[in-house]
file upload.cif (mmCIF, C-alpha atoms)
data_start
#
loop_
_atom_site.group_PDB
_atom_site.id
_atom_site.type_symbol
_atom_site.label_atom_id
_atom_site.label_comp_id
_atom_site.auth_asym_id
_atom_site.auth_seq_id
_atom_site.Cartn_x
_atom_site.Cartn_y
_atom_site.Cartn_z
ATOM 1 C CA MET A 120 70.571 -12.573 -5.701
ATOM 2 C CA LYS A 121 73.464 -15.041 -5.509
ATOM 3 C CA LEU A 122 73.829 -14.872 -9.278
ATOM 4 C CA ILE A 123 74.086 -11.075 -9.172
ATOM 5 C CA LYS A 124 76.774 -11.297 -6.491
ATOM 6 C CA PHE A 125 78.655 -13.885 -8.543
ATOM 7 C CA PHE A 126 78.679 -11.741 -11.690
ATOM 8 C CA THR A 127 79.624 -8.678 -9.648
ATOM 9 C CA LEU A 128 82.585 -10.529 -8.164
ATOM 10 C CA VAL A 129 83.666 -11.827 -11.578
ATOM 11 C CA SER A 130 83.422 -8.310 -13.031
ATOM 12 C CA ILE A 131 85.581 -6.916 -10.236
ATOM 13 C CA LEU A 132 88.180 -9.651 -10.729
ATOM 14 C CA ILE A 133 88.273 -9.015 -14.490
ATOM 15 C CA PHE A 134 88.671 -5.283 -13.884
ATOM 16 C CA PHE A 135 91.624 -5.833 -11.545
ATOM 17 C CA LEU A 136 93.205 -8.359 -13.911
ATOM 18 C CA ILE A 137 93.003 -5.954 -16.872
ATOM 19 C CA SER A 138 94.358 -3.135 -14.700
ATOM 20 C CA ALA A 139 97.255 -5.259 -13.427
ATOM 21 C CA ILE A 140 98.265 -6.399 -16.914
ATOM 22 C CA ASN A 141 98.156 -2.848 -18.256
ATOM 23 C CA LEU A 142 100.282 -1.684 -15.343
ATOM 24 C CA ILE A 143 102.875 -4.359 -16.153
ATOM 25 C CA VAL A 144 102.971 -3.405 -19.843
ATOM 26 C CA VAL A 145 103.377 0.299 -19.104
ATOM 27 C CA LYS A 146 105.923 -0.175 -16.322
ATOM 28 C CA LYS A 147 108.153 -2.521 -18.328
ATOM 29 C CA SER A 148 108.232 -0.247 -21.382
ATOM 30 C CA LYS A 149 108.202 3.255 -19.875
ATOM 31 C CA LYS A 150 111.958 3.843 -19.596
ATOM 32 C CA PHE A 151 112.496 2.825 -23.216
ATOM 33 C CA ILE A 152 110.043 5.370 -24.682
ATOM 34 C CA PHE A 153 111.221 8.832 -25.701
ATOM 35 C CA ASP A 154 109.626 12.128 -26.674
ATOM 36 C CA SER A 155 112.258 13.431 -29.071
ATOM 37 C CA ILE A 156 114.851 12.337 -31.598
ATOM 38 C CA GLU A 157 117.630 13.816 -29.486
ATOM 39 C CA GLN A 158 116.802 11.522 -26.560
ATOM 40 C CA VAL A 159 116.409 8.179 -28.314
ATOM 41 C CA PRO A 160 119.534 5.976 -28.689
ATOM 42 C CA ASN A 161 120.926 5.243 -32.153
ATOM 43 C CA CYS A 162 119.721 1.945 -33.660
ATOM 44 C CA TYR A 163 120.227 0.230 -36.979
ATOM 45 C CA THR A 164 116.531 -0.055 -37.819
ATOM 46 C CA ALA A 165 113.364 1.989 -37.502
ATOM 47 C CA ILE A 166 110.282 -0.230 -37.318
ATOM 48 C CA VAL A 167 107.401 1.874 -38.627
ATOM 49 C CA LEU A 168 104.032 0.378 -37.758
ATOM 50 C CA GLY A 169 101.343 0.523 -40.406
ATOM 51 C CA ALA A 170 97.990 2.285 -40.163
ATOM 52 C CA LYS A 171 95.071 3.135 -42.419
ATOM 53 C CA VAL A 172 95.753 4.053 -46.042
ATOM 54 C CA TYR A 173 93.077 5.810 -48.130
ATOM 55 C CA ASP A 174 91.764 4.485 -51.432
ATOM 56 C CA SER A 175 93.976 7.035 -53.165
ATOM 57 C CA GLY A 176 97.004 5.313 -51.628
ATOM 58 C CA TYR A 177 97.806 8.305 -49.421
ATOM 59 C CA PRO A 178 98.530 7.588 -45.748
ATOM 60 C CA SER A 179 96.146 8.605 -42.986
ATOM 61 C CA ASP A 180 97.138 11.239 -40.421
ATOM 62 C CA PHE A 181 98.368 8.542 -38.040
ATOM 63 C CA LEU A 182 100.557 6.930 -40.669
ATOM 64 C CA GLN A 183 101.854 10.157 -42.195
ATOM 65 C CA ASP A 184 103.047 11.342 -38.795
ATOM 66 C CA ARG A 185 104.813 8.036 -38.167
ATOM 67 C CA MET A 186 106.536 8.297 -41.528
ATOM 68 C CA ASP A 187 107.624 11.887 -40.936
ATOM 69 C CA VAL A 188 109.184 11.020 -37.575
ATOM 70 C CA ALA A 189 110.959 8.028 -39.141
ATOM 71 C CA ILE A 190 112.330 10.269 -41.883
ATOM 72 C CA ASP A 191 113.627 12.671 -39.234
ATOM 73 C CA LEU A 192 115.404 9.761 -37.530
ATOM 74 C CA TYR A 193 117.023 8.828 -40.840
ATOM 75 C CA ARG A 194 118.115 12.373 -41.670
ATOM 76 C CA ASN A 195 119.592 12.777 -38.196
ATOM 77 C CA ASN A 196 121.583 9.538 -38.557
ATOM 78 C CA LYS A 197 119.666 7.850 -35.734
ATOM 79 C CA ILE A 198 118.805 4.859 -37.939
ATOM 80 C CA MET A 199 120.127 3.321 -41.150
ATOM 81 C CA ARG A 200 117.276 1.111 -42.349
ATOM 82 C CA PHE A 201 113.484 1.216 -42.353
ATOM 83 C CA LEU A 202 111.302 -1.814 -41.729
ATOM 84 C CA LEU A 203 107.821 -0.816 -42.886
ATOM 85 C CA SER A 204 105.349 -3.271 -41.436
ATOM 86 C CA GLY A 205 101.658 -3.279 -42.233
ATOM 87 C CA ASP A 206 98.657 -4.963 -43.752
ATOM 88 C CA HIS A 207 99.017 -6.151 -47.337
ATOM 89 C CA GLY A 208 96.754 -9.145 -47.002
ATOM 90 C CA ARG A 209 94.577 -8.141 -49.978
ATOM 91 C CA VAL A 210 95.398 -7.055 -53.511
ATOM 92 C CA ASP A 211 93.211 -3.956 -53.140
ATOM 93 C CA TYR A 212 94.673 -2.795 -49.815
ATOM 94 C CA ASP A 213 98.377 -2.130 -49.349
ATOM 95 C CA GLU A 214 99.822 -0.194 -46.435
ATOM 96 C CA VAL A 215 103.469 -1.064 -46.956
ATOM 97 C CA ASN A 216 103.879 0.072 -50.570
ATOM 98 C CA SER A 217 102.073 3.299 -49.727
ATOM 99 C CA MET A 218 104.624 3.812 -46.957
ATOM 100 C CA LYS A 219 107.471 2.995 -49.319
ATOM 101 C CA LYS A 220 106.256 5.528 -51.904
ATOM 102 C CA TYR A 221 106.063 8.178 -49.205
ATOM 103 C CA LEU A 222 109.669 7.554 -48.181
ATOM 104 C CA LEU A 223 110.903 7.568 -51.771
ATOM 105 C CA ALA A 224 109.103 10.871 -52.387
ATOM 106 C CA HIS A 225 111.047 12.300 -49.432
ATOM 107 C CA GLY A 226 114.435 11.266 -50.727
ATOM 108 C CA VAL A 227 115.050 7.989 -48.898
ATOM 109 C CA ASP A 228 117.266 5.505 -50.778
ATOM 110 C CA THR A 229 115.338 2.401 -51.830
ATOM 111 C CA CYS A 230 118.234 0.264 -50.569
ATOM 112 C CA ASP A 231 117.348 1.351 -47.036
ATOM 113 C CA ILE A 232 113.642 0.427 -47.238
ATOM 114 C CA PHE A 233 112.433 -3.055 -46.267
ATOM 115 C CA LEU A 234 108.795 -4.139 -46.440
ATOM 116 C CA ASP A 235 106.967 -6.549 -44.168
ATOM 117 C CA HIS A 236 103.726 -7.361 -45.991
ATOM 118 C CA ALA A 237 102.408 -9.546 -43.158
ATOM 119 C CA GLY A 238 102.522 -7.106 -40.251
ATOM 120 C CA PHE A 239 98.848 -7.686 -39.497
ATOM 121 C CA ASP A 240 99.198 -6.618 -35.885
ATOM 122 C CA THR A 241 101.895 -5.407 -33.508
ATOM 123 C CA TYR A 242 102.752 -8.880 -32.226
ATOM 124 C CA ASN A 243 103.192 -10.285 -35.742
ATOM 125 C CA THR A 244 105.338 -7.294 -36.671
ATOM 126 C CA MET A 245 107.764 -7.717 -33.784
ATOM 127 C CA VAL A 246 108.142 -11.483 -34.099
ATOM 128 C CA ARG A 247 108.694 -11.204 -37.843
ATOM 129 C CA ALA A 248 111.178 -8.356 -37.336
ATOM 130 C CA LYS A 249 113.266 -10.701 -35.215
ATOM 131 C CA GLU A 250 112.749 -13.997 -37.045
ATOM 132 C CA ILE A 251 112.458 -12.941 -40.700
ATOM 133 C CA PHE A 252 114.382 -9.677 -40.893
ATOM 134 C CA LYS A 253 116.915 -10.559 -38.166
ATOM 135 C CA VAL A 254 116.521 -7.163 -36.494
ATOM 136 C CA LYS A 255 118.564 -6.886 -33.322
ATOM 137 C CA ASP A 256 118.036 -3.268 -32.270
ATOM 138 C CA ALA A 257 115.298 -0.897 -33.345
ATOM 139 C CA ILE A 258 113.440 2.335 -32.756
ATOM 140 C CA ILE A 259 109.705 1.704 -32.968
ATOM 141 C CA VAL A 260 107.759 4.592 -34.472
ATOM 142 C CA THR A 261 104.088 5.026 -33.598
ATOM 143 C CA GLN A 262 101.747 7.184 -31.521
ATOM 144 C CA GLU A 263 102.115 7.492 -27.746
ATOM 145 C CA PHE A 264 99.044 5.386 -26.876
ATOM 146 C CA HIS A 265 100.445 2.466 -28.909
ATOM 147 C CA LEU A 266 104.093 2.551 -27.835
ATOM 148 C CA PRO A 267 103.912 0.729 -24.464
ATOM 149 C CA ARG A 268 102.461 -2.380 -26.090
ATOM 150 C CA ALA A 269 104.845 -2.271 -29.051
ATOM 151 C CA VAL A 270 107.953 -1.833 -26.909
ATOM 152 C CA TYR A 271 106.750 -4.390 -24.355
ATOM 153 C CA ILE A 272 106.266 -7.037 -27.055
ATOM 154 C CA ALA A 273 109.579 -6.270 -28.746
ATOM 155 C CA ARG A 274 111.611 -6.437 -25.541
ATOM 156 C CA SER A 275 109.763 -9.525 -24.308
ATOM 157 C CA ILE A 276 110.863 -11.479 -27.384
ATOM 158 C CA GLY A 277 114.472 -10.295 -27.196
ATOM 159 C CA LEU A 278 114.676 -7.201 -29.375
ATOM 160 C CA ASN A 279 116.760 -4.291 -28.077
ATOM 161 C CA ALA A 280 113.933 -1.889 -28.814
ATOM 162 C CA TYR A 281 113.099 1.709 -28.018
ATOM 163 C CA GLY A 282 110.059 3.787 -28.882
ATOM 164 C CA ILE A 283 109.630 7.323 -30.129
ATOM 165 C CA LYS A 284 106.343 9.189 -30.033
ATOM 166 C CA SER A 285 104.991 10.322 -33.384
ATOM 167 C CA ASP A 286 102.095 12.455 -32.153
ATOM 168 C CA LYS A 287 102.216 15.571 -34.327
ATOM 169 C CA ARG A 288 98.553 16.618 -34.081
ATOM 170 C CA LYS A 289 95.265 15.851 -32.363
ATOM 171 C CA TYR A 290 93.629 12.753 -33.792
ATOM 172 C CA LEU A 291 89.978 11.885 -34.206
ATOM 173 C CA ALA A 292 88.702 9.014 -32.040
ATOM 174 C CA ILE A 293 91.917 8.974 -29.976
ATOM 175 C CA GLU A 294 89.999 8.371 -26.735
ATOM 176 C CA HIS A 295 88.320 5.342 -28.274
ATOM 177 C CA LEU A 296 91.736 4.018 -29.329
ATOM 178 C CA LYS A 297 93.121 4.488 -25.826
ATOM 179 C CA ILE A 298 90.293 2.405 -24.390
ATOM 180 C CA ARG A 299 90.762 -0.279 -27.013
ATOM 181 C CA GLU A 300 94.460 -0.350 -26.157
ATOM 182 C CA LEU A 301 93.628 -1.557 -22.636
ATOM 183 C CA PHE A 302 92.299 -4.790 -24.118
ATOM 184 C CA ALA A 303 95.021 -4.964 -26.776
ATOM 185 C CA ASN A 304 97.576 -4.938 -23.952
ATOM 186 C CA VAL A 305 95.882 -7.960 -22.396
ATOM 187 C CA LYS A 306 95.988 -9.755 -25.744
ATOM 188 C CA ALA A 307 99.702 -8.928 -26.139
ATOM 189 C CA PHE A 308 100.454 -10.133 -22.591
ATOM 190 C CA SER A 309 98.694 -13.410 -23.365
ATOM 191 C CA ALA A 310 100.552 -13.839 -26.669
ATOM 192 C CA ILE A 311 103.891 -13.417 -24.898
ATOM 193 C CA LEU A 312 102.877 -15.716 -22.040
ATOM 194 C CA PHE A 313 101.852 -18.535 -24.365
ATOM 195 C CA HIS A 314 104.541 -17.941 -27.052
ATOM 196 C CA LYS A 315 101.976 -17.420 -29.791
ATOM 197 C CA LYS A 316 103.114 -18.229 -33.312
ATOM 198 C CA PRO A 317 102.865 -15.417 -35.900
ATOM 199 C CA ARG A 318 100.303 -15.756 -38.668
ATOM 200 C CA PHE A 319 103.058 -16.084 -41.283
ATOM 201 C CA LEU A 320 106.812 -16.574 -41.195
ATOM 202 C CA GLY A 321 108.758 -17.499 -44.348
ATOM 203 C CA GLU A 322 112.275 -17.098 -45.703
ATOM 204 C CA GLN A 323 114.713 -14.845 -43.923
ATOM 205 C CA ILE A 324 115.415 -11.391 -45.399
ATOM 206 C CA PRO A 325 118.127 -9.873 -43.178
ATOM 207 C CA ILE A 326 117.768 -6.130 -42.622
ATOM 208 C CA THR A 327 121.502 -5.832 -43.348
ATOM 209 C CA GLY A 328 121.071 -7.348 -46.815
ATOM 210 C CA ASP A 329 119.230 -6.599 -50.059
ATOM 211 C CA SER A 330 115.991 -4.699 -49.528
ATOM 212 C CA LYS A 331 114.585 -5.728 -52.905
ATOM 213 C CA LEU A 332 114.109 -9.263 -51.590
ATOM 214 C CA SER A 333 111.267 -7.856 -49.484
ATOM 215 C CA TYR A 334 109.445 -6.241 -52.413
ATOM 216 C CA ASP A 335 106.495 -7.721 -54.272
#
call {"tool": "encode", "arguments": {"input": "upload.cif", "output": "structure tokens"}}
result
Amino acid sequence: MKLIKFFTLVSILIFFLISAINLIVVKKSKKFIFDSIEQVPNCYTAIVLGAKVYDSGYPSDFLQDRMDVAIDLYRNNKIMRFLLSGDHGRVDYDEVNSMKKYLLAHGVDTCDIFLDHAGFDTYNTMVRAKEIFKVKDAIIVTQEFHLPRAVYIARSIGLNAYGIKSDKRKYLAIEHLKIRELFANVKAFSAILFHKKPRFLGEQIPITGDSKLSYD
């Protein structure tokens, strides 16, 4: 009986801890997240977060919508450069070059496209944006459920970052992703608290410089 009470108490404490951390993440990022291009402040860089790419090399619905919103920012002179950050940890899987091809097919100048091949998660992306690409201000482009964590991380490490929602349709498994995000927020909070090192750093490639230095 005592054991049951102990585990019940621990479960309640864990629940309140997760809830409190998620409340902090949402509260600290809320005023920096915008619904439309007209509302978001101008920034030099759009950080486009990677997502699933099909075997054909074509972006998933999530990623295509992020790219389309980023292109709209570019065409409306809200940003000047793209930092495309995603998973290119294997030869046979490449989010960032798929993203680059999509931008080129929509008329974006290659000089304005930078690739971060080691954006394995949101925390790595933001730290590398600051440390490797020397980004100072940015509009982060991703879906609404993901933006609080992305903006929270970026601002916690010193980036003048804003977020714009890229939800252009209803997505499969979105409820599952929202639940998973509760735990991802806890992980992000912990990474900030303990100053976690990114998986990879490397030589600096300033976003104001030559984009080809970021290509493989």
call {"tool": "closest_atom_pairs", "arguments": {"input": "upload.cif", "of": "range 212-255 of chain A", "to": "range 172-187 of chain A", "cutoff": "12 Å", "atoms": "only C-alpha atoms", "output": "Markdown table"}}
result
| residue | atom | partner | partner_atom | distance |
| --- | --- | --- | --- | --- |
| A:Tyr212 | CA | A:Val172 | CA | 7.9 |
| A:Asp213 | CA | A:Val172 | CA | 7.5 |
| A:Glu214 | CA | A:Val172 | CA | 5.9 |
| A:Val215 | CA | A:Val172 | CA | 9.3 |
| A:Asn216 | CA | A:Gly176 | CA | 8.7 |
| A:Ser217 | CA | A:Gly176 | CA | 5.8 |
| A:Met218 | CA | A:Pro178 | CA | 7.3 |
| A:Lys219 | CA | A:Met186 | CA | 9.5 |
| A:Lys220 | CA | A:Tyr177 | CA | 9.2 |
| A:Tyr221 | CA | A:Met186 | CA | 7.7 |
| A:Leu222 | CA | A:Met186 | CA | 7.4 |
| A:Leu223 | CA | A:Met186 | CA | 11.2 |
| A:Ala224 | CA | A:Met186 | CA | 11.5 |
| A:His225 | CA | A:Asp187 | CA | 9.2 |
| A:Gly226 | CA | A:Asp187 | CA | 11.9 |
| A:Val227 | CA | A:Met186 | CA | 11.3 |
call {"tool": "closest_residue", "arguments": {"input": "upload.cif", "among": "A:Met245, A:Val260, A:Leu136, A:Val144", "to": "Lys284 in chain A", "atoms": "only C-alpha atoms"}}
result
A:Val260
call {"tool": "resolve_selection", "arguments": {"input": "upload.cif", "expression": "the PyMOL selection byres ((chain A and resi 324) around 6)", "output": "VMD selection string"}}
result
chain A and resid 251 to 252 323 325
call {"tool": "atom_distance", "arguments": {"input": "upload.cif", "atom1": "CA of Ala307 in chain A", "atom2": "CA of Leu234 in chain A"}}
result
22.8 Å
call {"tool": "resolve_selection", "arguments": {"input": "upload.cif", "expression": "the PyMOL selection byres ((chain A and resi 288-301) around 9)", "output": "list in words"}}
result
Ile137, Ser138, Ile140, Asn141, Asp180, Phe181, Asp184, Phe264, His265, Arg268, Asp286, Lys287, Phe302, Ala303, Asn304 and Val305 of chain A
call {"tool": "closest_residue", "arguments": {"input": "upload.cif", "among": "A:Thr229, A:Pro267, A:Arg318, A:Asp191", "to": "Glu157 in chain A", "atoms": "all atoms listed in the file"}}
result
A:Asp191
call {"tool": "closest_residue", "arguments": {"input": "upload.cif", "among": "A:Lys331, A:Lys316, A:Arg247, A:Lys255", "to": "Tyr281 in chain A", "atoms": "all atoms listed in the file"}}
result
A:Lys255
call {"tool": "atom_distance", "arguments": {"input": "upload.cif", "atom1": "CA of Ile311 in chain A", "atom2": "CA of Tyr242 in chain A"}}
result
8.7 Å
call {"tool": "closest_residue", "arguments": {"input": "upload.cif", "among": "A:Met199, A:Val246, A:Val210, A:Val145", "to": "Phe319 in chain A", "atoms": "only C-alpha atoms"}}
result
A:Val246
call {"tool": "residues_around", "arguments": {"input": "upload.cif", "residues": "Arg274 in chain A", "least_positions_apart": "5", "cutoff": "10 Å", "atoms": "all atoms listed in the file", "output": "list in words"}}
result
Lys147, Ser148, Phe151, Met245, Asp256, Ala269, Asn279, Ala280 and Tyr281 of chain A
call {"tool": "closest_residue", "arguments": {"input": "upload.cif", "among": "A:Ser130, A:Leu142, A:Lys253, A:Phe153", "to": "Phe308 in chain A", "atoms": "all atoms listed in the file"}}
result
A:Leu142
call {"tool": "axis_aligned_box", "arguments": {"input": "upload.cif", "around": "range 204-207 of chain A", "padding_each_side": "5 Å", "output": "JSON"}}
result
{"center_x": 102.0, "center_y": -4.7, "center_z": -44.4, "size_x": 16.7, "size_y": 12.9, "size_z": 15.9}
call {"tool": "atom_distance", "arguments": {"input": "upload.cif", "atom1": "CA of Leu192 in chain A", "atom2": "CA of Asp154 in chain A"}}
result
12.5 Å
call {"tool": "closest_residue", "arguments": {"input": "upload.cif", "among": "A:Ile198, A:Leu320, A:Leu128, A:Lys315", "to": "Gly238 in chain A", "atoms": "only C-alpha atoms"}}
result
A:Leu320
call {"tool": "build_atoms", "arguments": {"input": "upload.cif", "residues": "range 278-312 of chain A", "atoms": "N, CA and C atoms", "output": "CSV table (one decimal), in the frame of the given file"}}
result
chain,number,residue,atom,x,y,z
A,278,LEU,N,114.2,-8.3,-28.6
A,278,LEU,CA,114.7,-7.2,-29.4
A,278,LEU,C,115.1,-6.1,-28.5
A,279,ASN,N,116.3,-5.5,-28.8
A,279,ASN,CA,116.8,-4.3,-28.1
A,279,ASN,C,116.0,-3.1,-28.7
A,280,ALA,N,114.8,-2.8,-28.2
A,280,ALA,CA,113.9,-1.9,-28.8
A,280,ALA,C,113.7,-0.7,-27.9
A,281,TYR,N,113.5,0.4,-28.6
A,281,TYR,CA,113.1,1.7,-28.0
A,281,TYR,C,111.9,2.2,-28.8
A,282,GLY,N,111.2,3.2,-28.2
A,282,GLY,CA,110.1,3.8,-28.9
A,282,GLY,C,110.2,5.3,-28.9
A,283,ILE,N,109.7,5.9,-30.0
A,283,ILE,CA,109.6,7.3,-30.1
A,283,ILE,C,108.2,7.7,-30.5
A,284,LYS,N,107.7,8.7,-29.8
A,284,LYS,CA,106.3,9.2,-30.0
A,284,LYS,C,106.2,9.9,-31.3
A,285,SER,N,105.2,9.7,-32.1
A,285,SER,CA,105.0,10.3,-33.4
A,285,SER,C,103.7,11.2,-33.4
A,286,ASP,N,103.3,11.6,-32.2
A,286,ASP,CA,102.1,12.5,-32.2
A,286,ASP,C,102.4,13.9,-32.6
A,287,LYS,N,102.0,14.2,-33.8
A,287,LYS,CA,102.2,15.6,-34.3
A,287,LYS,C,101.0,16.4,-34.4
A,288,ARG,N,99.8,15.9,-34.0
A,288,ARG,CA,98.6,16.6,-34.1
A,288,ARG,C,97.5,15.9,-33.2
A,289,LYS,N,96.4,16.5,-33.1
A,289,LYS,CA,95.3,15.9,-32.4
A,289,LYS,C,94.5,14.9,-33.4
A,290,TYR,N,94.2,13.7,-32.9
A,290,TYR,CA,93.6,12.8,-33.8
A,290,TYR,C,92.2,12.5,-33.4
A,291,LEU,N,91.4,12.3,-34.4
A,291,LEU,CA,90.0,11.9,-34.2
A,291,LEU,C,89.9,10.5,-33.6
A,292,ALA,N,89.0,10.3,-32.7
A,292,ALA,CA,88.7,9.0,-32.0
A,292,ALA,C,89.9,8.5,-31.2
A,293,ILE,N,90.8,9.4,-30.8
A,293,ILE,CA,91.9,9.0,-30.0
A,293,ILE,C,91.5,8.4,-28.6
A,294,GLU,N,90.4,8.9,-28.0
A,294,GLU,CA,90.0,8.4,-26.7
A,294,GLU,C,89.5,6.9,-26.9
A,295,HIS,N,88.8,6.7,-28.0
A,295,HIS,CA,88.3,5.3,-28.3
A,295,HIS,C,89.5,4.4,-28.4
A,296,LEU,N,90.6,4.8,-29.1
A,296,LEU,CA,91.7,4.0,-29.3
A,296,LEU,C,92.5,3.7,-28.0
A,297,LYS,N,92.5,4.7,-27.1
A,297,LYS,CA,93.1,4.5,-25.8
A,297,LYS,C,92.4,3.4,-25.0
A,298,ILE,N,91.1,3.4,-25.1
A,298,ILE,CA,90.3,2.4,-24.4
A,298,ILE,C,90.5,1.0,-25.0
A,299,ARG,N,90.5,1.0,-26.3
A,299,ARG,CA,90.8,-0.3,-27.0
A,299,ARG,C,92.1,-0.8,-26.7
A,300,GLU,N,93.1,0.1,-26.5
A,300,GLU,CA,94.5,-0.4,-26.2
A,300,GLU,C,94.5,-1.1,-24.8
A,301,LEU,N,93.7,-0.8,-23.9
A,301,LEU,CA,93.6,-1.6,-22.6
A,301,LEU,C,93.4,-3.0,-22.9
A,302,PHE,N,92.6,-3.4,-23.8
A,302,PHE,CA,92.3,-4.8,-24.1
A,302,PHE,C,93.4,-5.4,-25.0
A,303,ALA,N,93.9,-4.5,-25.9
A,303,ALA,CA,95.0,-5.0,-26.8
A,303,ALA,C,96.2,-5.3,-25.9
A,304,ASN,N,96.5,-4.6,-24.9
A,304,ASN,CA,97.6,-4.9,-24.0
A,304,ASN,C,97.4,-6.3,-23.3
A,305,VAL,N,96.2,-6.6,-23.0
A,305,VAL,CA,95.9,-8.0,-22.4
A,305,VAL,C,96.2,-9.0,-23.4
A,306,LYS,N,95.7,-8.8,-24.7
A,306,LYS,CA,96.0,-9.8,-25.7
A,306,LYS,C,97.5,-9.9,-26.0
A,307,ALA,N,98.3,-8.9,-25.9
A,307,ALA,CA,99.7,-8.9,-26.1
A,307,ALA,C,100.4,-9.7,-25.0
A,308,PHE,N,99.9,-9.4,-23.8
A,308,PHE,CA,100.5,-10.1,-22.6
A,308,PHE,C,100.2,-11.6,-22.7
A,309,SER,N,99.0,-12.0,-23.2
A,309,SER,CA,98.7,-13.4,-23.4
A,309,SER,C,99.5,-14.0,-24.5
A,310,ALA,N,99.7,-13.3,-25.6
A,310,ALA,CA,100.6,-13.8,-26.7
A,310,ALA,C,102.0,-14.1,-26.2
A,311,ILE,N,102.5,-13.2,-25.4
A,311,ILE,CA,103.9,-13.4,-24.9
A,311,ILE,C,103.9,-14.6,-23.9
A,312,LEU,N,102.9,-14.7,-23.1
A,312,LEU,CA,102.9,-15.7,-22.0
A,312,LEU,C,102.8,-17.1,-22.7
